[in-house]
Amino acid sequence: MKKRFTAVLFAALAMVTIVPQASADDSNAHLTSIVTSKHNGFERVELVMDRLPSQSLADEVDEVWDCAKDVRIPVGGQNFLRTTHFDAAASDGGKPTYTGPRNFVPQGLTNVKGIAISCNFESTLGVSVGFDNPASTYQVYPQTNPTRVVIDIHG
């Protein structure tokens with residue numbers, strides 16, 4: 001019993017000591033670039049970051065909207081995938097960490113027709129992808145070396 005209590009206490013203390021104290025902005029993952037590529041059977045959008053967001057979600061939407069301004073963003077494509085990344089931003093303390101275009105047509109891709117930053121507000125980063133093939137499926141997942149969130153559009 002004493003050994004188990006000691007192990008639990010040690011584990012709890014270890015968790016407390018390894019969590020760094022940081023400001024809210026320091027805890028965000030920062031977008032640094034967006035890279036696209038074409039592969040056999042799918043097209044890839046990579047959100048390169050300095051660390052991974054705490055969580056990433058994706059859903060299909062009818063239109064792309066700016067989360068802070070509540071205005072429609074025109075994005076190429078007939079179908080739209082909205083990805084939302086928590087504890088993430090395209091800036092750090094007001095200074096942009098991503099200096100590329102906020103809405104663009106990727107070159108060399110046939111299904112993916114547009115990419116837009118649709119949210120950069122209150123530690124929430126949104127990137128939307130427009131694509132043409134309505135039968136497309138998608139996967140969104142984190143990768144390291146380099147650190148990035150991968151968006152694969154199959155179809």
# chains A, B, ... in the order shown; residues from 1 in each chain; ligands from 1
>>> residues_around(residues="Gly114 (chain A)", least_positions_apart="5", cutoff="8 Å", atoms="only C-alpha atoms", output="PyMOL selection string")
chain A and resi 75-77+103-106+129-131
>>> closest_residue(among="A:Ser128, A:Thr83, A:Thr144, A:Asn28", to="Val64 (chain A)", atoms="only C-alpha atoms")
A:Ser128
>>> atom_distance(atom1="CA of Tyr138 (chain A)", atom2="CA of Phe121 (chain A)")
24.8 Å
>>> closest_atom_pairs(of="region 56-84 of chain A", to="region 147-154 of chain A", cutoff="10 Å", atoms="only C-alpha atoms", output="Markdown table")
| residue | atom | partner | partner_atom | distance |
| --- | --- | --- | --- | --- |
| A:Ser56 | CA | A:Val149 | CA | 8.3 |
| A:Ala58 | CA | A:Ile151 | CA | 9.3 |
| A:Leu81 | CA | A:Ile153 | CA | 9.3 |
| A:Thr83 | CA | A:Ile151 | CA | 8.7 |
>>> select_by_dssp(residues="region 9-135 of chain A", states="strand (DSSP E or B)", output="PDB file with N, CA, C and O atoms, in the first residue's frame")
ATOM      1  N   ALA A  29       0.344  26.714 -30.808  1.00  0.00           N
ATOM      2  CA  ALA A  29       1.095  26.238 -31.965  1.00  0.00           C
ATOM      3  C   ALA A  29       1.017  27.351 -33.003  1.00  0.00           C
ATOM      4  O   ALA A  29      -0.034  27.964 -33.184  1.00  0.00           O
ATOM      5  N   HIS A  30       2.121  27.631 -33.673  1.00  0.00           N
ATOM      6  CA  HIS A  30       2.136  28.732 -34.634  1.00  0.00           C
ATOM      7  C   HIS A  30       2.340  28.205 -36.043  1.00  0.00           C
ATOM      8  O   HIS A  30       3.316  27.498 -36.316  1.00  0.00           O
ATOM      9  N   LEU A  31       1.418  28.548 -36.921  1.00  0.00           N
ATOM     10  CA  LEU A  31       1.521  28.195 -38.334  1.00  0.00           C
ATOM     11  C   LEU A  31       2.683  28.954 -38.952  1.00  0.00           C
ATOM     12  O   LEU A  31       2.791  30.168 -38.769  1.00  0.00           O
ATOM     13  N   THR A  32       3.551  28.236 -39.671  1.00  0.00           N
ATOM     14  CA  THR A  32       4.686  28.891 -40.326  1.00  0.00           C
ATOM     15  C   THR A  32       4.615  28.800 -41.849  1.00  0.00           C
ATOM     16  O   THR A  32       5.105  29.675 -42.537  1.00  0.00           O
ATOM     17  N   SER A  33       4.001  27.726 -42.379  1.00  0.00           N
ATOM     18  CA  SER A  33       3.842  27.624 -43.832  1.00  0.00           C
ATOM     19  C   SER A  33       2.748  26.621 -44.175  1.00  0.00           C
ATOM     20  O   SER A  33       2.347  25.803 -43.336  1.00  0.00           O
ATOM     21  N   ILE A  34       2.274  26.723 -45.408  1.00  0.00           N
ATOM     22  CA  ILE A  34       1.311  25.780 -45.959  1.00  0.00           C
ATOM     23  C   ILE A  34       1.939  25.190 -47.214  1.00  0.00           C
ATOM     24  O   ILE A  34       2.335  25.927 -48.124  1.00  0.00           O
ATOM     25  N   VAL A  35       2.045  23.868 -47.232  1.00  0.00           N
ATOM     26  CA  VAL A  35       2.693  23.164 -48.339  1.00  0.00           C
ATOM     27  C   VAL A  35       1.673  22.222 -48.967  1.00  0.00           C
ATOM     28  O   VAL A  35       0.937  21.541 -48.254  1.00  0.00           O
ATOM     29  N   THR A  36       1.637  22.171 -50.299  1.00  0.00           N
ATOM     30  CA  THR A  36       0.719  21.265 -50.989  1.00  0.00           C
ATOM     31  C   THR A  36       1.506  20.303 -51.874  1.00  0.00           C
ATOM     32  O   THR A  36       2.604  20.617 -52.317  1.00  0.00           O
ATOM     33  N   SER A  37       0.913  19.133 -52.102  1.00  0.00           N
ATOM     34  CA  SER A  37       1.545  18.153 -52.988  1.00  0.00           C
ATOM     35  C   SER A  37       0.493  17.206 -53.545  1.00  0.00           C
ATOM     36  O   SER A  37      -0.565  17.013 -52.960  1.00  0.00           O
ATOM     37  N   LYS A  38       0.820  16.622 -54.697  1.00  0.00           N
ATOM     38  CA  LYS A  38      -0.066  15.665 -55.366  1.00  0.00           C
ATOM     39  C   LYS A  38       0.548  14.277 -55.245  1.00  0.00           C
ATOM     40  O   LYS A  38       1.744  14.096 -55.448  1.00  0.00           O
ATOM     41  N   HIS A  39      -0.284  13.293 -54.892  1.00  0.00           N
ATOM     42  CA  HIS A  39       0.157  11.910 -54.740  1.00  0.00           C
ATOM     43  C   HIS A  39      -0.788  11.010 -55.536  1.00  0.00           C
ATOM     44  O   HIS A  39      -1.841  11.457 -56.000  1.00  0.00           O
ATOM     45  N   PHE A  42      -4.514  10.879 -54.046  1.00  0.00           N
ATOM     46  CA  PHE A  42      -4.911  11.933 -53.108  1.00  0.00           C
ATOM     47  C   PHE A  42      -4.035  13.168 -53.276  1.00  0.00           C
ATOM     48  O   PHE A  42      -2.963  13.113 -53.868  1.00  0.00           O
ATOM     49  N   GLU A  43      -4.531  14.277 -52.748  1.00  0.00           N
ATOM     50  CA  GLU A  43      -3.780  15.528 -52.715  1.00  0.00           C
ATOM     51  C   GLU A  43      -3.627  15.948 -51.259  1.00  0.00           C
ATOM     52  O   GLU A  43      -4.516  15.713 -50.444  1.00  0.00           O
ATOM     53  N   ARG A  44      -2.486  16.528 -50.951  1.00  0.00           N
ATOM     54  CA  ARG A  44      -2.133  16.811 -49.552  1.00  0.00           C
ATOM     55  C   ARG A  44      -1.927  18.301 -49.326  1.00  0.00           C
ATOM     56  O   ARG A  44      -1.297  18.982 -50.120  1.00  0.00           O
ATOM     57  N   VAL A  45      -2.459  18.757 -48.192  1.00  0.00           N
ATOM     58  CA  VAL A  45      -2.210  20.100 -47.686  1.00  0.00           C
ATOM     59  C   VAL A  45      -1.550  19.919 -46.324  1.00  0.00           C
ATOM     60  O   VAL A  45      -2.088  19.227 -45.459  1.00  0.00           O
ATOM     61  N   GLU A  46      -0.382  20.515 -46.140  1.00  0.00           N
ATOM     62  CA  GLU A  46       0.341  20.400 -44.866  1.00  0.00           C
ATOM     63  C   GLU A  46       0.412  21.766 -44.205  1.00  0.00           C
ATOM     64  O   GLU A  46       0.871  22.728 -44.807  1.00  0.00           O
ATOM     65  N   LEU A  47      -0.063  21.828 -42.972  1.00  0.00           N
ATOM     66  CA  LEU A  47       0.030  23.035 -42.156  1.00  0.00           C
ATOM     67  C   LEU A  47       1.255  22.873 -41.272  1.00  0.00           C
ATOM     68  O   LEU A  47       1.220  22.175 -40.254  1.00  0.00           O
ATOM     69  N   VAL A  48       2.355  23.481 -41.669  1.00  0.00           N
ATOM     70  CA  VAL A  48       3.618  23.346 -40.935  1.00  0.00           C
ATOM     71  C   VAL A  48       3.576  24.300 -39.746  1.00  0.00           C
ATOM     72  O   VAL A  48       3.266  25.488 -39.896  1.00  0.00           O
ATOM     73  N   MET A  49       3.886  23.756 -38.545  1.00  0.00           N
ATOM     74  CA  MET A  49       3.785  24.526 -37.305  1.00  0.00           C
ATOM     75  C   MET A  49       5.020  24.321 -36.439  1.00  0.00           C
ATOM     76  O   MET A  49       5.761  23.360 -36.632  1.00  0.00           O
ATOM     77  N   GLN A  55      -5.740  20.143 -30.273  1.00  0.00           N
ATOM     78  CA  GLN A  55      -6.752  19.308 -30.914  1.00  0.00           C
ATOM     79  C   GLN A  55      -7.038  19.875 -32.294  1.00  0.00           C
ATOM     80  O   GLN A  55      -7.020  21.091 -32.499  1.00  0.00           O
ATOM     81  N   SER A  56      -7.313  18.981 -33.245  1.00  0.00           N
ATOM     82  CA  SER A  56      -7.719  19.385 -34.588  1.00  0.00           C
ATOM     83  C   SER A  56      -8.998  18.655 -34.961  1.00  0.00           C
ATOM     84  O   SER A  56      -9.111  17.444 -34.735  1.00  0.00           O
ATOM     85  N   LEU A  57      -9.948  19.400 -35.507  1.00  0.00           N
ATOM     86  CA  LEU A  57     -11.223  18.833 -35.945  1.00  0.00           C
ATOM     87  C   LEU A  57     -11.444  19.196 -37.403  1.00  0.00           C
ATOM     88  O   LEU A  57     -10.903  20.191 -37.893  1.00  0.00           O
ATOM     89  N   ALA A  58     -12.264  18.410 -38.092  1.00  0.00           N
ATOM     90  CA  ALA A  58     -12.589  18.708 -39.481  1.00  0.00           C
ATOM     91  C   ALA A  58     -14.039  18.371 -39.746  1.00  0.00           C
ATOM     92  O   ALA A  58     -14.575  17.404 -39.204  1.00  0.00           O
ATOM     93  N   ASP A  59     -14.673  19.195 -40.580  1.00  0.00           N
ATOM     94  CA  ASP A  59     -16.031  18.902 -41.010  1.00  0.00           C
ATOM     95  C   ASP A  59     -16.275  19.550 -42.367  1.00  0.00           C
ATOM     96  O   ASP A  59     -15.640  20.536 -42.725  1.00  0.00           O
ATOM     97  N   GLU A  60     -17.194  18.953 -43.119  1.00  0.00           N
ATOM     98  CA  GLU A  60     -17.562  19.518 -44.405  1.00  0.00           C
ATOM     99  C   GLU A  60     -18.618  20.590 -44.176  1.00  0.00           C
ATOM    100  O   GLU A  60     -19.524  20.425 -43.358  1.00  0.00           O
ATOM    101  N   VAL A  61     -18.486  21.694 -44.910  1.00  0.00           N
ATOM    102  CA  VAL A  61     -19.410  22.817 -44.781  1.00  0.00           C
ATOM    103  C   VAL A  61     -19.876  23.244 -46.172  1.00  0.00           C
ATOM    104  O   VAL A  61     -19.250  22.908 -47.182  1.00  0.00           O
ATOM    105  N   TRP A  65     -16.612  30.635 -44.002  1.00  0.00           N
ATOM    106  CA  TRP A  65     -16.842  31.903 -43.315  1.00  0.00           C
ATOM    107  C   TRP A  65     -15.653  32.251 -42.437  1.00  0.00           C
ATOM    108  O   TRP A  65     -15.033  31.379 -41.847  1.00  0.00           O
ATOM    109  N   ARG A  72     -18.415  35.839 -45.478  1.00  0.00           N
ATOM    110  CA  ARG A  72     -18.119  34.717 -46.355  1.00  0.00           C
ATOM    111  C   ARG A  72     -16.766  34.933 -47.022  1.00  0.00           C
ATOM    112  O   ARG A  72     -16.424  36.047 -47.423  1.00  0.00           O
ATOM    113  N   ASN A  79     -16.952  21.883 -53.044  1.00  0.00           N
ATOM    114  CA  ASN A  79     -17.128  21.290 -51.712  1.00  0.00           C
ATOM    115  C   ASN A  79     -16.058  21.876 -50.800  1.00  0.00           C
ATOM    116  O   ASN A  79     -14.973  22.234 -51.265  1.00  0.00           O
ATOM    117  N   PHE A  80     -16.363  21.932 -49.496  1.00  0.00           N
ATOM    118  CA  PHE A  80     -15.437  22.613 -48.593  1.00  0.00           C
ATOM    119  C   PHE A  80     -15.222  21.813 -47.313  1.00  0.00           C
ATOM    120  O   PHE A  80     -16.177  21.354 -46.692  1.00  0.00           O
ATOM    121  N   LEU A  81     -13.963  21.690 -46.944  1.00  0.00           N
ATOM    122  CA  LEU A  81     -13.575  21.055 -45.702  1.00  0.00           C
ATOM    123  C   LEU A  81     -13.037  22.150 -44.780  1.00  0.00           C
ATOM    124  O   LEU A  81     -12.094  22.860 -45.140  1.00  0.00           O
ATOM    125  N   ARG A  82     -13.648  22.287 -43.608  1.00  0.00           N
ATOM    126  CA  ARG A  82     -13.186  23.260 -42.609  1.00  0.00           C
ATOM    127  C   ARG A  82     -12.390  22.500 -41.564  1.00  0.00           C
ATOM    128  O   ARG A  82     -12.893  21.548 -40.961  1.00  0.00           O
ATOM    129  N   THR A  83     -11.157  22.911 -41.345  1.00  0.00           N
ATOM    130  CA  THR A  83     -10.373  22.319 -40.259  1.00  0.00           C
ATOM    131  C   THR A  83     -10.196  23.389 -39.184  1.00  0.00           C
ATOM    132  O   THR A  83      -9.960  24.552 -39.485  1.00  0.00           O
ATOM    133  N   THR A  84     -10.344  22.964 -37.936  1.00  0.00           N
ATOM    134  CA  THR A  84     -10.230  23.871 -36.806  1.00  0.00           C
ATOM    135  C   THR A  84      -9.175  23.314 -35.863  1.00  0.00           C
ATOM    136  O   THR A  84      -9.213  22.142 -35.497  1.00  0.00           O
ATOM    137  N   HIS A  85      -8.235  24.166 -35.472  1.00  0.00           N
ATOM    138  CA  HIS A  85      -7.096  23.747 -34.648  1.00  0.00           C
ATOM    139  C   HIS A  85      -7.072  24.619 -33.395  1.00  0.00           C
ATOM    140  O   HIS A  85      -6.992  25.846 -33.488  1.00  0.00           O
ATOM    141  N   PHE A  86      -7.169  23.958 -32.240  1.00  0.00           N
ATOM    142  CA  PHE A  86      -7.246  24.669 -30.972  1.00  0.00           C
ATOM    143  C   PHE A  86      -5.863  24.877 -30.383  1.00  0.00           C
ATOM    144  O   PHE A  86      -4.969  24.059 -30.557  1.00  0.00           O
ATOM    145  N   ALA A  88      -3.882  27.239 -31.312  1.00  0.00           N
ATOM    146  CA  ALA A  88      -3.075  27.449 -32.513  1.00  0.00           C
ATOM    147  C   ALA A  88      -3.378  28.834 -33.084  1.00  0.00           C
ATOM    148  O   ALA A  88      -4.454  29.385 -32.859  1.00  0.00           O
ATOM    149  N   ALA A  89      -2.410  29.379 -33.833  1.00  0.00           N
ATOM    150  CA  ALA A  89      -2.576  30.704 -34.418  1.00  0.00           C
ATOM    151  C   ALA A  89      -1.623  30.874 -35.593  1.00  0.00           C
ATOM    152  O   ALA A  89      -0.655  30.119 -35.746  1.00  0.00           O
ATOM    153  N   SER A  91      -0.213  33.829 -35.859  1.00  0.00           N
ATOM    154  CA  SER A  91       0.544  34.977 -35.374  1.00  0.00           C
ATOM    155  C   SER A  91       0.962  34.722 -33.932  1.00  0.00           C
ATOM    156  O   SER A  91       0.422  33.848 -33.257  1.00  0.00           O
ATOM    157  N   ASP A  92       1.915  35.502 -33.478  1.00  0.00           N
ATOM    158  CA  ASP A  92       2.414  35.393 -32.110  1.00  0.00           C
ATOM    159  C   ASP A  92       2.523  36.795 -31.536  1.00  0.00           C
ATOM    160  O   ASP A  92       3.355  37.586 -31.984  1.00  0.00           O
ATOM    161  N   LYS A  95       2.336  39.538 -34.118  1.00  0.00           N
ATOM    162  CA  LYS A  95       3.290  39.442 -35.229  1.00  0.00           C
ATOM    163  C   LYS A  95       3.013  38.161 -36.016  1.00  0.00           C
ATOM    164  O   LYS A  95       2.975  37.073 -35.436  1.00  0.00           O
ATOM    165  N   PRO A  96       2.802  38.267 -37.342  1.00  0.00           N
ATOM    166  CA  PRO A  96       2.504  37.070 -38.128  1.00  0.00           C
ATOM    167  C   PRO A  96       3.632  36.034 -38.082  1.00  0.00           C
ATOM    168  O   PRO A  96       4.803  36.380 -38.206  1.00  0.00           O
ATOM    169  N   ASN A 103      -5.604  33.345 -48.757  1.00  0.00           N
ATOM    170  CA  ASN A 103      -6.599  32.704 -49.613  1.00  0.00           C
ATOM    171  C   ASN A 103      -5.939  32.518 -50.975  1.00  0.00           C
ATOM    172  O   ASN A 103      -5.571  33.506 -51.619  1.00  0.00           O
ATOM    173  N   PHE A 104      -5.757  31.269 -51.399  1.00  0.00           N
ATOM    174  CA  PHE A 104      -5.026  31.059 -52.644  1.00  0.00           C
ATOM    175  C   PHE A 104      -5.447  29.778 -53.344  1.00  0.00           C
ATOM    176  O   PHE A 104      -6.057  28.896 -52.746  1.00  0.00           O
ATOM    177  N   VAL A 112      -8.098  19.711 -55.378  1.00  0.00           N
ATOM    178  CA  VAL A 112      -8.083  20.833 -54.436  1.00  0.00           C
ATOM    179  C   VAL A 112      -7.981  22.128 -55.236  1.00  0.00           C
ATOM    180  O   VAL A 112      -7.040  22.327 -55.998  1.00  0.00           O
ATOM    181  N   LYS A 113      -8.979  22.998 -55.059  1.00  0.00           N
ATOM    182  CA  LYS A 113      -9.078  24.220 -55.859  1.00  0.00           C
ATOM    183  C   LYS A 113      -8.807  25.494 -55.079  1.00  0.00           C
ATOM    184  O   LYS A 113      -8.641  26.553 -55.666  1.00  0.00           O
ATOM    185  N   GLY A 114      -8.805  25.407 -53.742  1.00  0.00           N
ATOM    186  CA  GLY A 114      -8.563  26.607 -52.962  1.00  0.00           C
ATOM    187  C   GLY A 114      -8.258  26.287 -51.516  1.00  0.00           C
ATOM    188  O   GLY A 114      -8.703  25.262 -50.987  1.00  0.00           O
ATOM    189  N   ILE A 115      -7.482  27.165 -50.893  1.00  0.00           N
ATOM    190  CA  ILE A 115      -7.121  27.038 -49.476  1.00  0.00           C
ATOM    191  C   ILE A 115      -7.228  28.432 -48.870  1.00  0.00           C
ATOM    192  O   ILE A 115      -6.749  29.409 -49.458  1.00  0.00           O
ATOM    193  N   ALA A 116      -7.870  28.525 -47.704  1.00  0.00           N
ATOM    194  CA  ALA A 116      -8.009  29.829 -47.056  1.00  0.00           C
ATOM    195  C   ALA A 116      -7.858  29.696 -45.554  1.00  0.00           C
ATOM    196  O   ALA A 116      -8.338  28.727 -44.955  1.00  0.00           O
ATOM    197  N   ILE A 117      -7.203  30.673 -44.958  1.00  0.00           N
ATOM    198  CA  ILE A 117      -7.206  30.779 -43.503  1.00  0.00           C
ATOM    199  C   ILE A 117      -8.555  31.402 -43.145  1.00  0.00           C
ATOM    200  O   ILE A 117      -8.847  32.535 -43.517  1.00  0.00           O
ATOM    201  N   SER A 118      -9.382  30.623 -42.472  1.00  0.00           N
ATOM    202  CA  SER A 118     -10.741  31.061 -42.174  1.00  0.00           C
ATOM    203  C   SER A 118     -10.925  31.459 -40.710  1.00  0.00           C
ATOM    204  O   SER A 118     -11.996  31.937 -40.337  1.00  0.00           O
ATOM    205  N   CYS A 119      -9.878  31.275 -39.906  1.00  0.00           N
ATOM    206  CA  CYS A 119      -9.955  31.690 -38.515  1.00  0.00           C
ATOM    207  C   CYS A 119      -8.548  31.882 -37.964  1.00  0.00           C
ATOM    208  O   CYS A 119      -7.672  31.043 -38.180  1.00  0.00           O
ATOM    209  N   ASN A 120      -8.339  32.981 -37.296  1.00  0.00           N
ATOM    210  CA  ASN A 120      -7.116  33.244 -36.541  1.00  0.00           C
ATOM    211  C   ASN A 120      -7.529  34.149 -35.387  1.00  0.00           C
ATOM    212  O   ASN A 120      -7.257  35.333 -35.376  1.00  0.00           O
ATOM    213  N   PHE A 121      -8.243  33.548 -34.432  1.00  0.00           N
ATOM    214  CA  PHE A 121      -8.922  34.335 -33.410  1.00  0.00           C
ATOM    215  C   PHE A 121      -8.979  33.553 -32.112  1.00  0.00           C
ATOM    216  O   PHE A 121      -9.391  32.389 -32.090  1.00  0.00           O
ATOM    217  N   THR A 124      -7.568  30.024 -31.828  1.00  0.00           N
ATOM    218  CA  THR A 124      -8.194  29.057 -32.724  1.00  0.00           C
ATOM    219  C   THR A 124      -7.786  29.390 -34.147  1.00  0.00           C
ATOM    220  O   THR A 124      -7.989  30.515 -34.611  1.00  0.00           O
ATOM    221  N   LEU A 125      -7.206  28.413 -34.814  1.00  0.00           N
ATOM    222  CA  LEU A 125      -6.782  28.558 -36.197  1.00  0.00           C
ATOM    223  C   LEU A 125      -7.698  27.716 -37.066  1.00  0.00           C
ATOM    224  O   LEU A 125      -7.926  26.538 -36.783  1.00  0.00           O
ATOM    225  N   GLY A 126      -8.238  28.319 -38.101  1.00  0.00           N
ATOM    226  CA  GLY A 126      -9.070  27.588 -39.055  1.00  0.00           C
ATOM    227  C   GLY A 126      -8.460  27.671 -40.430  1.00  0.00           C
ATOM    228  O   GLY A 126      -8.059  28.745 -40.873  1.00  0.00           O
ATOM    229  N   VAL A 127      -8.368  26.533 -41.101  1.00  0.00           N
ATOM    230  CA  VAL A 127      -7.915  26.494 -42.489  1.00  0.00           C
ATOM    231  C   VAL A 127      -8.942  25.675 -43.252  1.00  0.00           C
ATOM    232  O   VAL A 127      -9.247  24.540 -42.877  1.00  0.00           O
ATOM    233  N   SER A 128      -9.487  26.265 -44.300  1.00  0.00           N
ATOM    234  CA  SER A 128     -10.504  25.598 -45.110  1.00  0.00           C
ATOM    235  C   SER A 128      -9.930  25.238 -46.466  1.00  0.00           C
ATOM    236  O   SER A 128      -9.111  25.965 -47.021  1.00  0.00           O
ATOM    237  N   VAL A 129     -10.373  24.087 -46.981  1.00  0.00           N
ATOM    238  CA  VAL A 129      -9.884  23.570 -48.256  1.00  0.00           C
ATOM    239  C   VAL A 129     -11.089  23.356 -49.158  1.00  0.00           C
ATOM    240  O   VAL A 129     -12.045  22.673 -48.779  1.00  0.00           O
ATOM    241  N   GLY A 130     -11.050  23.941 -50.354  1.00  0.00           N
ATOM    242  CA  GLY A 130     -12.088  23.734 -51.343  1.00  0.00           C
ATOM    243  C   GLY A 130     -11.643  22.679 -52.343  1.00  0.00           C
ATOM    244  O   GLY A 130     -10.491  22.675 -52.774  1.00  0.00           O
ATOM    245  N   PHE A 131     -12.546  21.776 -52.707  1.00  0.00           N
ATOM    246  CA  PHE A 131     -12.218  20.723 -53.665  1.00  0.00           C
ATOM    247  C   PHE A 131     -13.424  20.468 -54.556  1.00  0.00           C
ATOM    248  O   PHE A 131     -14.556  20.835 -54.217  1.00  0.00           O
TER     249      PHE A 131
END
